[in-house]
Structures are given as structure tokens and as C-alpha cells.
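Participant: This is the content of final.tsv (TSV, C-alpha atoms):
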chain	number	residue	atom	x	y	z
A	1	MET	CA	179.58	-18.84	6.48
A	2	ASN	CA	180.22	-20.69	3.20
A	3	ILE	CA	181.42	-24.18	4.05
A	4	ASN	CA	182.14	-24.88	0.38
A	5	ASP	CA	185.04	-22.44	0.54
A	6	GLU	CA	186.64	-23.81	3.70
A	7	VAL	CA	190.09	-25.37	3.54
A	8	ARG	CA	189.60	-28.92	4.87
A	9	PRO	CA	192.88	-30.73	4.10
A	10	GLY	CA	192.25	-34.39	4.73
A	11	GLY	CA	192.60	-36.42	7.88
A	12	ASN	CA	194.30	-35.74	11.18
A	13	ARG	CA	196.71	-38.69	10.87
A	14	TYR	CA	197.52	-40.87	7.86
A	15	VAL	CA	199.51	-44.08	8.16
A	16	SER	CA	200.31	-46.29	5.20
A	17	GLY	CA	202.64	-49.26	4.87
A	18	THR	CA	202.83	-53.01	5.30
A	19	ASP	CA	200.90	-54.58	8.19
A	20	VAL	CA	200.03	-51.20	9.74
A	21	ILE	CA	196.50	-52.50	10.43
A	22	LYS	CA	198.01	-54.74	13.10
A	23	ASP	CA	198.80	-51.59	15.11
A	24	LEU	CA	195.11	-50.74	15.47
A	25	PRO	CA	194.93	-51.70	19.19
A	26	GLU	CA	197.71	-49.24	19.98
A	27	TYR	CA	195.86	-46.42	18.25
A	28	LEU	CA	192.66	-47.35	20.11
A	29	ALA	CA	194.34	-47.30	23.52
A	30	ALA	CA	193.44	-43.62	23.99
A	31	PHE	CA	189.70	-44.35	23.75
A	32	ASN	CA	187.21	-45.94	26.13
A	33	ASP	CA	183.86	-46.29	24.34
A	34	ILE	CA	184.61	-47.87	20.96
A	35	ALA	CA	182.13	-49.06	18.32
A	36	ILE	CA	182.76	-50.60	14.91
A	37	VAL	CA	180.74	-49.70	11.82
A	38	THR	CA	181.22	-52.10	8.92
A	39	GLY	CA	179.50	-54.34	6.38
A	40	ASP	CA	179.13	-58.10	6.24
A	41	VAL	CA	181.64	-58.64	3.45
A	42	SER	CA	184.00	-55.93	4.70
A	43	TYR	CA	184.20	-57.35	8.19
A	44	ARG	CA	184.71	-60.88	6.95
A	45	VAL	CA	187.62	-59.75	4.75
A	46	PHE	CA	189.06	-57.78	7.66
A	47	ASN	CA	188.82	-60.71	10.09
A	48	ASP	CA	190.37	-63.11	7.60
A	49	TYR	CA	193.43	-60.86	7.49
A	50	TYR	CA	193.49	-59.63	11.07
A	51	GLN	CA	193.09	-63.15	12.49
A	52	GLU	CA	191.67	-61.89	15.77
A	53	GLU	CA	188.23	-60.73	16.88
A	54	LEU	CA	188.16	-57.11	18.03
A	55	PRO	CA	186.52	-56.84	21.49
A	56	PHE	CA	184.08	-54.07	20.55
A	57	PRO	CA	180.40	-53.99	19.54
A	58	VAL	CA	179.91	-54.25	15.77
A	59	TYR	CA	177.18	-52.47	13.79
A	60	ARG	CA	176.42	-53.22	10.13
A	61	TYR	CA	175.43	-50.49	7.69
A	62	ASP	CA	172.63	-51.04	5.16
A	63	GLY	CA	174.66	-50.22	2.05
A	64	SER	CA	173.20	-46.77	1.46
A	65	ALA	CA	175.58	-44.25	3.08
A	66	SER	CA	172.51	-42.24	4.04
A	67	TYR	CA	171.72	-39.82	6.86
A	68	GLU	CA	168.90	-42.15	7.86
A	69	ASN	CA	171.11	-45.21	8.28
A	70	ALA	CA	173.77	-43.21	10.14
A	71	GLN	CA	171.14	-41.93	12.57
A	72	GLU	CA	169.80	-45.46	13.05
A	73	ILE	CA	173.27	-46.81	13.85
A	74	ALA	CA	173.98	-43.88	16.17
A	75	ASN	CA	170.75	-44.62	18.02
A	76	GLN	CA	171.83	-48.24	18.45
A	77	ILE	CA	175.29	-47.24	19.71
A	78	GLY	CA	174.01	-44.59	22.07
A	79	LYS	CA	177.39	-43.23	23.16
A	80	ALA	CA	180.96	-43.57	21.93
A	81	ASP	CA	184.17	-41.59	21.90
A	82	VAL	CA	185.39	-43.18	18.66
A	83	ILE	CA	183.81	-45.00	15.74
A	84	VAL	CA	186.01	-47.42	13.81
A	85	GLY	CA	184.88	-47.68	10.20
A	86	ILE	CA	186.08	-50.85	8.46
A	87	GLY	CA	185.12	-51.21	4.82
A	88	GLY	CA	184.86	-49.48	1.46
A	89	GLY	CA	183.83	-45.95	0.59
A	90	ARG	CA	180.19	-46.15	1.66
A	91	VAL	CA	181.10	-47.84	4.94
A	92	CYS	CA	183.67	-45.13	5.64
A	93	ASP	CA	181.16	-42.40	4.79
A	94	THR	CA	178.55	-44.06	7.02
A	95	ALA	CA	181.08	-44.22	9.85
A	96	LYS	CA	181.84	-40.50	9.42
A	97	LEU	CA	178.15	-39.62	9.39
A	98	THR	CA	177.55	-41.75	12.50
A	99	ALA	CA	180.46	-40.12	14.31
A	100	GLU	CA	179.03	-36.72	13.41
A	101	VAL	CA	175.71	-37.63	15.03
A	102	LEU	CA	177.50	-38.87	18.16
A	103	ASN	CA	179.98	-35.95	18.16
A	104	CYS	CA	182.96	-38.30	18.46
A	105	ASP	CA	186.14	-39.19	16.59
A	106	VAL	CA	186.34	-41.65	13.73
A	107	ILE	CA	189.15	-44.02	12.72
A	108	LEU	CA	188.94	-45.46	9.22
A	109	ALA	CA	190.49	-48.69	7.98
A	110	PRO	CA	189.64	-49.19	4.30
A	111	THR	CA	189.28	-52.77	3.11
A	112	LEU	CA	189.76	-51.82	-0.52
A	113	ILE	CA	191.26	-49.02	-2.60
A	114	SER	CA	188.49	-47.30	-4.52
A	115	ASN	CA	188.21	-43.62	-3.45
A	116	CYS	CA	189.32	-40.98	-0.96
A	117	ALA	CA	186.44	-41.52	1.49
A	118	PRO	CA	188.72	-43.02	4.18
A	119	PHE	CA	190.70	-39.78	4.44
A	120	THR	CA	188.40	-36.81	3.99
A	121	PRO	CA	186.02	-34.91	6.31
A	122	ILE	CA	183.57	-34.86	3.39
A	123	THR	CA	180.98	-37.51	2.50
A	124	ALA	CA	178.98	-38.52	-0.54
A	125	VAL	CA	175.50	-38.83	0.99
A	126	TYR	CA	172.81	-40.93	-0.67
A	127	TYR	CA	169.12	-41.44	-0.08
A	128	PRO	CA	168.10	-44.83	1.34
A	129	ASN	CA	167.27	-45.95	-2.21
A	130	ARG	CA	170.94	-45.26	-3.13
A	131	THR	CA	170.35	-42.28	-5.39
A	132	PHE	CA	172.71	-39.36	-4.78
A	133	ARG	CA	171.57	-36.78	-2.23
A	134	CYS	CA	174.36	-34.27	-1.51
A	135	MET	CA	177.91	-33.73	-0.36
A	136	GLY	CA	178.13	-33.71	3.43
A	137	PHE	CA	180.72	-31.88	5.52
A	138	GLN	CA	181.87	-33.21	8.87
A	139	SER	CA	182.85	-30.90	11.70
A	140	ARG	CA	186.09	-32.81	12.28
A	141	ALA	CA	188.49	-34.79	10.11
A	142	PRO	CA	189.10	-38.52	10.64
A	143	TYR	CA	191.30	-39.01	13.69
A	144	LEU	CA	193.30	-41.67	11.84
A	145	THR	CA	193.33	-43.42	8.48
A	146	LEU	CA	195.16	-46.76	8.29
A	147	VAL	CA	196.12	-47.85	4.78
A	148	ASP	CA	197.72	-51.28	4.92
A	149	TRP	CA	199.23	-52.08	1.52
A	150	GLN	CA	199.52	-55.80	2.25
A	151	PHE	CA	195.92	-56.04	3.40
A	152	LEU	CA	194.71	-53.95	0.46
A	153	LEU	CA	196.16	-56.37	-2.08
A	154	ALA	CA	192.79	-58.08	-1.50
A	155	THR	CA	191.08	-55.21	-3.35
A	156	PRO	CA	189.02	-56.61	-6.24
A	157	ARG	CA	190.49	-55.34	-9.49
A	158	GLU	CA	187.26	-53.61	-10.57
A	159	TYR	CA	187.30	-51.50	-7.38
A	160	PHE	CA	190.93	-50.58	-7.93
A	161	GLU	CA	190.09	-49.56	-11.50
A	162	ALA	CA	187.21	-47.47	-10.20
A	163	GLY	CA	189.53	-45.77	-7.72
A	164	ILE	CA	191.84	-44.81	-10.57
A	165	GLY	CA	188.91	-43.35	-12.52
A	166	ASP	CA	187.57	-41.40	-9.56
A	167	THR	CA	191.01	-39.98	-8.77
A	168	LEU	CA	191.84	-39.08	-12.36
A	169	ALA	CA	188.82	-36.75	-12.27
A	170	LYS	CA	190.67	-34.53	-9.79
A	171	TRP	CA	192.90	-33.20	-12.57
A	172	TYR	CA	190.26	-32.83	-15.26
A	173	GLU	CA	187.73	-31.18	-12.97
A	174	ILE	CA	190.10	-28.62	-11.45
A	175	GLU	CA	191.57	-27.86	-14.89
A	176	GLY	CA	188.10	-27.43	-16.35
A	177	ILE	CA	187.09	-25.05	-13.58
A	178	THR	CA	190.23	-22.94	-13.32
A	179	ARG	CA	190.86	-22.44	-17.04
A	180	ARG	CA	188.30	-19.62	-16.76
A	181	LEU	CA	190.32	-17.84	-14.06
A	182	ASN	CA	192.95	-15.21	-14.61
A	183	GLU	CA	196.29	-16.08	-13.05
A	184	GLU	CA	195.88	-13.14	-10.68
A	185	ASP	CA	192.61	-14.59	-9.41
A	186	LYS	CA	194.09	-17.98	-8.47
A	187	SER	CA	194.69	-18.14	-4.73
A	188	ALA	CA	197.70	-19.85	-3.20
A	189	TYR	CA	195.60	-22.91	-2.40
A	190	THR	CA	194.09	-22.97	-5.89
A	191	ARG	CA	197.57	-22.98	-7.41
A	192	LEU	CA	198.61	-25.74	-5.03
A	193	GLY	CA	195.53	-27.72	-6.01
A	194	ILE	CA	196.33	-27.41	-9.72
A	195	ALA	CA	199.92	-28.51	-9.14
A	196	CYS	CA	198.86	-31.42	-6.95
A	197	THR	CA	196.21	-32.73	-9.32
A	198	LYS	CA	198.64	-32.48	-12.23
A	199	GLU	CA	200.99	-34.75	-10.27
A	200	ILE	CA	198.07	-37.04	-9.40
A	201	ALA	CA	197.36	-37.47	-13.12
A	202	ALA	CA	201.06	-38.05	-13.84
A	203	ILE	CA	201.26	-40.79	-11.20
A	204	LEU	CA	198.11	-42.48	-12.49
A	205	PHE	CA	199.14	-42.39	-16.14
A	206	GLU	CA	202.62	-43.70	-15.30
A	207	ASP	CA	201.90	-46.22	-12.55
A	208	SER	CA	198.33	-47.52	-12.93
A	209	GLN	CA	199.09	-50.50	-15.19
A	210	LYS	CA	202.10	-51.47	-13.08
A	211	ALA	CA	199.96	-51.16	-9.94
A	212	ILE	CA	197.26	-53.39	-11.46
A	213	ASN	CA	199.93	-55.93	-12.36
A	214	SER	CA	201.06	-55.84	-8.71
A	215	LEU	CA	197.49	-56.42	-7.62
A	216	ASN	CA	197.15	-59.36	-9.99
A	217	GLN	CA	200.44	-60.82	-8.73
A	218	GLN	CA	199.64	-60.03	-5.09
A	219	THR	CA	202.94	-58.25	-4.56
A	220	ILE	CA	203.63	-54.81	-3.09
A	221	THR	CA	205.62	-52.61	-5.45
A	222	PRO	CA	206.48	-48.90	-5.34
A	223	ALA	CA	203.90	-48.33	-8.11
A	224	PHE	CA	201.16	-50.07	-6.14
A	225	ALA	CA	201.99	-48.06	-3.00
A	226	ARG	CA	202.04	-44.78	-4.94
A	227	VAL	CA	198.69	-45.41	-6.60
A	228	ALA	CA	197.11	-46.55	-3.33
A	229	ASP	CA	198.26	-43.42	-1.51
A	230	THR	CA	197.23	-41.27	-4.47
A	231	ILE	CA	193.69	-42.65	-4.54
A	232	VAL	CA	193.14	-42.43	-0.80
A	233	ALA	CA	195.25	-39.54	0.45
A	234	LEU	CA	196.38	-37.24	-2.36
A	235	ALA	CA	192.90	-37.08	-3.84
A	236	GLY	CA	191.38	-36.36	-0.44
A	237	GLU	CA	194.04	-33.81	0.42
A	238	THR	CA	193.49	-31.91	-2.81
A	239	GLY	CA	189.74	-31.91	-2.31
A	240	GLY	CA	190.42	-30.24	1.03
A	241	PHE	CA	192.96	-27.53	0.37
A	242	ALA	CA	191.77	-26.55	-3.12
A	243	VAL	CA	188.31	-25.96	-1.58
A	244	SER	CA	185.42	-26.00	-4.07
A	245	TYR	CA	187.82	-26.05	-7.04
A	246	GLY	CA	189.28	-29.40	-5.96
A	247	ARG	CA	186.16	-31.40	-5.12
A	248	SER	CA	183.60	-31.95	-7.87
A	249	ALA	CA	182.69	-30.54	-11.25
A	250	GLY	CA	181.27	-31.94	-14.47
A	251	ALA	CA	182.50	-35.52	-14.10
A	252	HIS	CA	180.95	-35.97	-10.67
A	253	ALA	CA	177.74	-34.24	-11.75
A	254	VAL	CA	177.36	-36.84	-14.48
A	255	HIS	CA	177.93	-39.55	-11.85
A	256	ASP	CA	175.22	-37.98	-9.71
A	257	GLY	CA	172.82	-38.08	-12.63
A	258	LEU	CA	173.69	-41.67	-13.51
A	259	SER	CA	172.88	-42.71	-9.94
A	260	TYR	CA	169.22	-41.98	-10.73
A	261	LEU	CA	169.11	-44.89	-13.18
A	262	GLU	CA	168.57	-48.12	-11.29
A	263	GLU	CA	170.50	-50.11	-13.87
A	264	THR	CA	173.68	-48.22	-12.92
A	265	HIS	CA	173.50	-49.08	-9.22
A	266	LYS	CA	175.84	-52.02	-9.75
A	267	ALA	CA	178.34	-49.80	-11.57
A	268	LEU	CA	180.97	-48.49	-9.17
A	269	HIS	CA	181.22	-44.80	-8.24
A	270	GLY	CA	184.61	-44.32	-9.88
A	271	LYS	CA	183.52	-45.99	-13.11
A	272	LYS	CA	180.62	-43.56	-13.43
A	273	VAL	CA	182.90	-40.64	-12.63
A	274	ALA	CA	185.38	-41.83	-15.27
A	275	TYR	CA	182.62	-41.76	-17.88
A	276	GLY	CA	181.72	-38.31	-16.57
A	277	ILE	CA	185.26	-37.12	-17.37
A	278	LEU	CA	184.65	-37.91	-21.03
A	279	VAL	CA	181.29	-36.12	-20.99
A	280	GLN	CA	182.86	-33.05	-19.39
A	281	LEU	CA	185.66	-33.03	-21.96
A	282	ALA	CA	183.13	-33.37	-24.78
A	283	TYR	CA	181.16	-30.48	-23.28
A	284	THR	CA	184.26	-28.26	-23.31
A	285	ASN	CA	185.12	-29.44	-26.86
A	286	ASP	CA	188.36	-31.11	-25.73
A	287	PHE	CA	188.11	-34.03	-28.14
A	288	ASP	CA	191.87	-34.21	-28.64
A	289	GLU	CA	192.23	-34.92	-24.93
A	290	ILE	CA	189.55	-37.62	-25.13
A	291	SER	CA	191.48	-39.27	-27.98
A	292	LYS	CA	194.62	-39.08	-25.87
A	293	ILE	CA	193.14	-40.81	-22.81
A	294	LEU	CA	190.88	-43.40	-24.47
A	295	PRO	CA	193.76	-45.91	-24.81
A	296	PHE	CA	194.38	-45.50	-21.06
A	297	TYR	CA	190.69	-46.14	-20.38
A	298	GLU	CA	190.80	-49.32	-22.44
A	299	GLN	CA	194.02	-50.46	-20.78
A	300	ILE	CA	192.77	-49.87	-17.24
A	301	GLY	CA	189.16	-50.99	-17.74
A	302	LEU	CA	187.30	-47.68	-17.46
A	303	PRO	CA	183.99	-47.25	-19.30
A	304	ASN	CA	183.73	-45.06	-22.39
A	305	LYS	CA	180.20	-46.08	-23.30
A	306	LEU	CA	176.91	-46.12	-21.39
A	307	ALA	CA	176.41	-49.80	-22.28
A	308	GLN	CA	179.40	-50.64	-20.08
A	309	MET	CA	177.32	-49.38	-17.14
A	310	ASN	CA	174.27	-51.47	-18.09
A	311	ILE	CA	172.49	-48.62	-19.92
A	312	GLU	CA	171.12	-49.94	-23.19
A	313	ASN	CA	168.70	-47.12	-24.00
A	314	ALA	CA	170.50	-43.81	-24.61
A	315	THR	CA	167.56	-41.73	-25.80
A	316	LYS	CA	166.98	-38.29	-24.35
A	317	GLU	CA	163.82	-39.53	-22.72
A	318	SER	CA	165.47	-42.46	-20.99
A	319	LEU	CA	168.41	-40.31	-19.88
A	320	ALA	CA	166.19	-37.48	-18.62
A	321	PRO	CA	166.98	-38.11	-14.91
A	322	VAL	CA	170.70	-38.14	-15.74
A	323	ILE	CA	170.83	-34.88	-17.65
A	324	GLN	CA	168.41	-33.13	-15.30
A	325	GLN	CA	170.59	-33.86	-12.28
A	326	ALA	CA	173.89	-33.29	-14.08
A	327	ALA	CA	172.79	-29.83	-15.23
A	328	ALA	CA	171.05	-28.89	-11.99
A	329	LYS	CA	172.09	-25.56	-10.52
A	330	ASP	CA	172.70	-27.18	-7.13
A	331	ASP	CA	175.02	-29.82	-8.60
A	332	THR	CA	178.58	-29.21	-9.79
A	333	PHE	CA	178.51	-29.00	-13.59
A	334	PRO	CA	177.91	-25.23	-13.22
A	335	MET	CA	181.49	-25.10	-11.86
A	336	ILE	CA	182.51	-25.77	-15.46
A	337	ASP	CA	179.88	-23.51	-17.01
A	338	PRO	CA	177.34	-21.57	-14.93
A	339	GLU	CA	175.01	-21.53	-17.94
A	340	VAL	CA	175.03	-25.30	-18.57
A	341	THR	CA	171.75	-26.70	-19.88
A	342	GLU	CA	170.26	-30.17	-20.03
A	343	GLU	CA	170.37	-30.06	-23.82
A	344	GLN	CA	174.11	-29.35	-23.76
A	345	VAL	CA	174.81	-32.20	-21.35
A	346	PHE	CA	172.81	-34.58	-23.52
A	347	ALA	CA	174.69	-33.38	-26.61
A	348	ALA	CA	177.99	-34.09	-24.83
A	349	ILE	CA	176.81	-37.60	-23.92
A	350	GLN	CA	175.79	-38.17	-27.56
A	351	ALA	CA	179.24	-37.02	-28.69
A	352	VAL	CA	180.93	-39.51	-26.37
A	353	GLU	CA	178.65	-42.32	-27.48
A	354	ALA	CA	179.47	-41.53	-31.12
A	355	LEU	CA	183.25	-41.85	-30.67
What does the file become when written as C-alpha cells?

Facilitator:
Amino acid sequence: MNINDEVRPGGNRYVSGTDVIKDLPEYLAAFNDIAIVTGDVSYRVFNDYYQEELPFPVYRYDGSASYENAQEIANQIGKADVIVGIGGGRVCDTAKLTAEVLNCDVILAPTLISNCAPFTPITAVYYPNRTFRCMGFQSRAPYLTLVDWQFLLATPREYFEAGIGDTLAKWYEIEGITRRLNEEDKSAYTRLGIACTKEIAAILFEDSQKAINSLNQQTITPAFARVADTIVALAGETGGFAVSYGRSAGAHAVHDGLSYLEETHKALHGKKVAYGILVQLAYTNDFDEISKILPFYEQIGLPNKLAQMNIENATKESLAPVIQQAAAKDDTFPMIDPEVTEEQVFAAIQAVEAL
């Protein structure tokens, strides 16, 4: 059994719209033992909007999205038939991991728009020290994802920008992987994944600035709704039905490597992935494409230099943990090139830094 090649197309139910979070009690009516997994800031933001205390026990995660913390929370809960995850990507991933331990359903209510974690049966698992560990696969998809556009206007702009960067990688990673395939070797789902990620990129290039303007003005517009659903649902859907071609490649491998530098821990996941897109494109010698998207990066607020992620020393020695992980055979840069080396990844980083 190769779980990396399983079609896992997103959540069981996806609901987006205005004030849909207020319907949460109706969705919970089918469950008896309910526990909430959240964070201090996430739950405060949720309660400020919801204006009513939910009558269920609340458990706070430790910020790591680790197997260890999920097990600890599961031990505290003991038994549940649904976990309600309320928060950002790491809260949602922790809720999924906790539900996996307890063998129960999970309902996810994101408090900000920054990645597809609220929708997918896949998690980014970290060690307790917040360095990247692995991709985790849940045995069941989220029972329900509630994306409330009005509520999510509270998303801090930098998280929204990061969500755009993380989601843009869907197109560049699947294109980088599948360019090596003959048309005859592309399965139906692979072709669907390519088509979907091409549309994801089109939506982001067309609507991102308008969506950010909506966020700044605290108004729901069609562009804001499209980008929100693209970041949460379309990205997660593609990562499910395009199997290993639609999940991670060079851009995410660079993110994984950057997570090993403590100074990047305050840089958001999607910002590191966005920088990874540039490194992947430099690796594949697609400098014309880099020139094409750099104005978009500057407009949206995505990093194109290591210094924008608090990395001041870009020597090979200081970046050793980054390039070692990015080029590791058990990471995802080999999806772009099975023969990738640390020296080649470092050369690609140098090329990006020199632009």
C-alpha cells in the first residue's frame, strides 16, 4: 500500500459564505461527546465574533502541530465523537491529529485564511521544537469545514499574503513535476490536477490584489470570496485528487529546510513556500518566469530574499540545514529532479539572492 498515491480529495463537507459559523450548533447536533481544540488567540478571536460561549470542554494546543501534543490533548480528552478545531493551520492540523488518535470525526472552523489545512485529510507535522517532521495522512477527511467570509475578514494581512504564496505553489510544483511526463503517462487525475492548479494560479494573479483591498476595507467582494475558497478548498482539493503530483515539490522542500533555522520560525509557512517557488524555478532555469512573477510578489508582499525571513547570513555553511533538508531523498525536491544535490539547491538559492 502506497498512501502517497491515494486519491484523497479534500473534506467531506465544505460550507462557505457569510455568517455560516453561526450554524455550528446545527452541525454539532448529530454528536454527543464534543471537544474543542484551539489556541489562546484563536479562541479569543472566535468568541469575539461568535458572541456566545460554546458549552463544550476546550483544550489549547502548544503551537507545534506535533504528534506529541496531539497525543497529550487526546489523553486529556479521553473520549469524543467529534473534535472541533478552531484556529489557523497548525490548530487545524493539531485537531486532525488529535481526532486520529481518538478515532473520531473532526470539524474545522478556520479563524484566518492562510492555507488548506482546514480542508484536507493531510497534515504538516512538526517536532515539538517546531522544525518540520513529515506529512501525515489521516484515515478520514474532515467531517465539515466552515469558511465564514465575514468572520475571516479578521485575517491579518500577512497571513492572507502567506496563504496566497502557499497556494500559488500548487501550480508551479505540479508543472515542475509533470513537465517530465509524456502526455500518455498523465492519468485522468493528473490532468485534472494540472487544469485545476492552472485555474488556481489564474484566480490568484487576477484577484489577489482586489482581495487584499477587500480585506483592508473589511468588505466582502467576489474577489475576496474566490481567493478565500481557492486558498482553503481548491488547494486542498487539488492536493487530494492529483495525489503525489499535487501536494509538494521543490517549493515546499525549501520551506522544510528553512524551518530548521530558528530565525525563520516567525516567518509564516506560506511566505517560506513562496520563496521556495523562486528557488525551484531557479533550479529548473526558469528565470523568465521568475522575472514575470516578481512584480506580483512585490505587490502582494511575498519574500524574494532570505533577509525578508530574518536570515542575514546566506553562506553555504549557515544554510547547511536548509539545503540538506531540501535535497533530502525523503523530502519532495526529488519530485522535480530525482538526482537533486545539496550543491544544486544552494546554487539555486544563490541565483535567487543575486536577482

Participant: Got a sec: who's within 8 Å of Arg13 (chain A), counting all atoms listed in the file, leaving out chain neighbours fewer than 4 positions off, as a list in words?

Facilitator: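 Surrounding residues, per the criterion: Pro142, Tyr143, Leu144 and Thr145 of chain A.
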
Participant: Quick one: everything within 6 Å of region 110-123 of chain A, counting only C-alpha atoms, minus sequence neighbours fewer than 5 positions away in the same chain. Send it as JSON, numbers by chain.

Facilitator: {"A": [10, 11, 86, 87, 88, 89, 92, 93, 135, 136, 137, 138, 141, 152, 155, 159, 160, 162, 163, 231, 232, 236]}

Participant: Residues near Leu306 (chain A), anyone? I mean within 9 Å using all atoms listed in the file, not counting same-chain ones fewer than 6 positions away, as an MDAnalysis selection string.

Facilitator: chainID A and resid 275 312:314 349 353

Participant: When you count all atoms listed in the file, which of these residues is closest to Ile177 (chain A): A:Pro338, A:Gln71, A:Gln150, A:Pro321?

Facilitator: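 Among A:Pro338, A:Gln71, A:Gln150, A:Pro321, it is A:Pro338 that comes nearest to Ile177 (chain A).
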
Participant: Please determine, counting only C-alpha atoms, which residue among A:Met309, A:Val254, A:Leu153, A:Val345 has the shortest atom-to-atom distance to Asn213 (chain A).

Facilitator: A:Leu153

Participant: Please provide as a list in words all residues within 9 Å of Gln280 (chain A), with the sequence filter that same-chain residues fewer than 2 positions apart are discarded (counting only C-alpha atoms).

Facilitator: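 In the requested form, the answer reads Tyr172, Glu173, Gly176, Ala249, Gly250, Ala251, Val254, Tyr275, Gly276, Ile277, Leu278, Ala282, Tyr283, Thr284, Asn285, Asp286, Phe333, Ile336, Val345, Ala348 and Ile349 of chain A.
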
Participant: Interatomic distance between CA of Ile107 (chain A) and CA of Asp33 (chain A)?

Facilitator: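 Between these atoms lies a distance of 13.0 Å.
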
Participant: With only C-alpha atoms as the basis for distance, which of A:Lys79, A:Glu262, A:Trp171, A:Thr341 is at the shortest distance from Leu281 (chain A)?

Facilitator: A:Trp171

Participant: As an exercise, work out the distance from CA of Leu146 (chain A) to CA of Ser16 (chain A) in Å and give it to one decimal place.

Facilitator: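 That distance, rounded to one decimal, is 6.0 Å.
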
Participant: Between A:Tyr67, A:Trp149, A:Phe132, A:Tyr27, which one has atoms that come closest to Ala223 (chain A), using only C-alpha atoms?

Facilitator: A:Trp149

Participant: Excluding same-chain residues fewer than 5 positions from Ile203 (chain A), what lies within 9 Å of it counting only C-alpha atoms, as a PyMOL selection string?

Facilitator: chain A and resi 198+208+223+226-227+230

Participant: Go through A:Phe205, A:Tyr245, A:Phe31, A:Tyr59 and flag the residue nearest Thr332 (chain A), using all atoms listed in the file for the distances.

Facilitator: A:Tyr245

Participant: Have a look at CA of Lys170 (chain A) and CA of Gln325 (chain A) and let me know their distance in Å, one decimal.

Facilitator: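 Atom-to-atom, CA of Lys170 (chain A) to CA of Gln325 (chain A), that is 20.2 Å.
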
Participant: Measuring between all atoms listed in the file, which one of A:Gln76, A:Thr131, A:Asn47, A:Thr38 shows the shortest distance to Ser64 (chain A)?

Facilitator: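 Once distances to Ser64 (chain A) are computed over all atoms listed in the file, the minimum belongs to A:Thr131.
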
Participant: Just need the box for region 218-223 of chain A, edges along x, y and z, holding every atom the file lists for it with 5 Å tacked onto each side, so centre and edge lengths in Å to one decimal, as AutoDock Vina command-line options.

Facilitator:
--center_x 203.1 --center_y -54.2 --center_z -5.6 --size_x 16.8 --size_y 21.7 --size_z 15.0
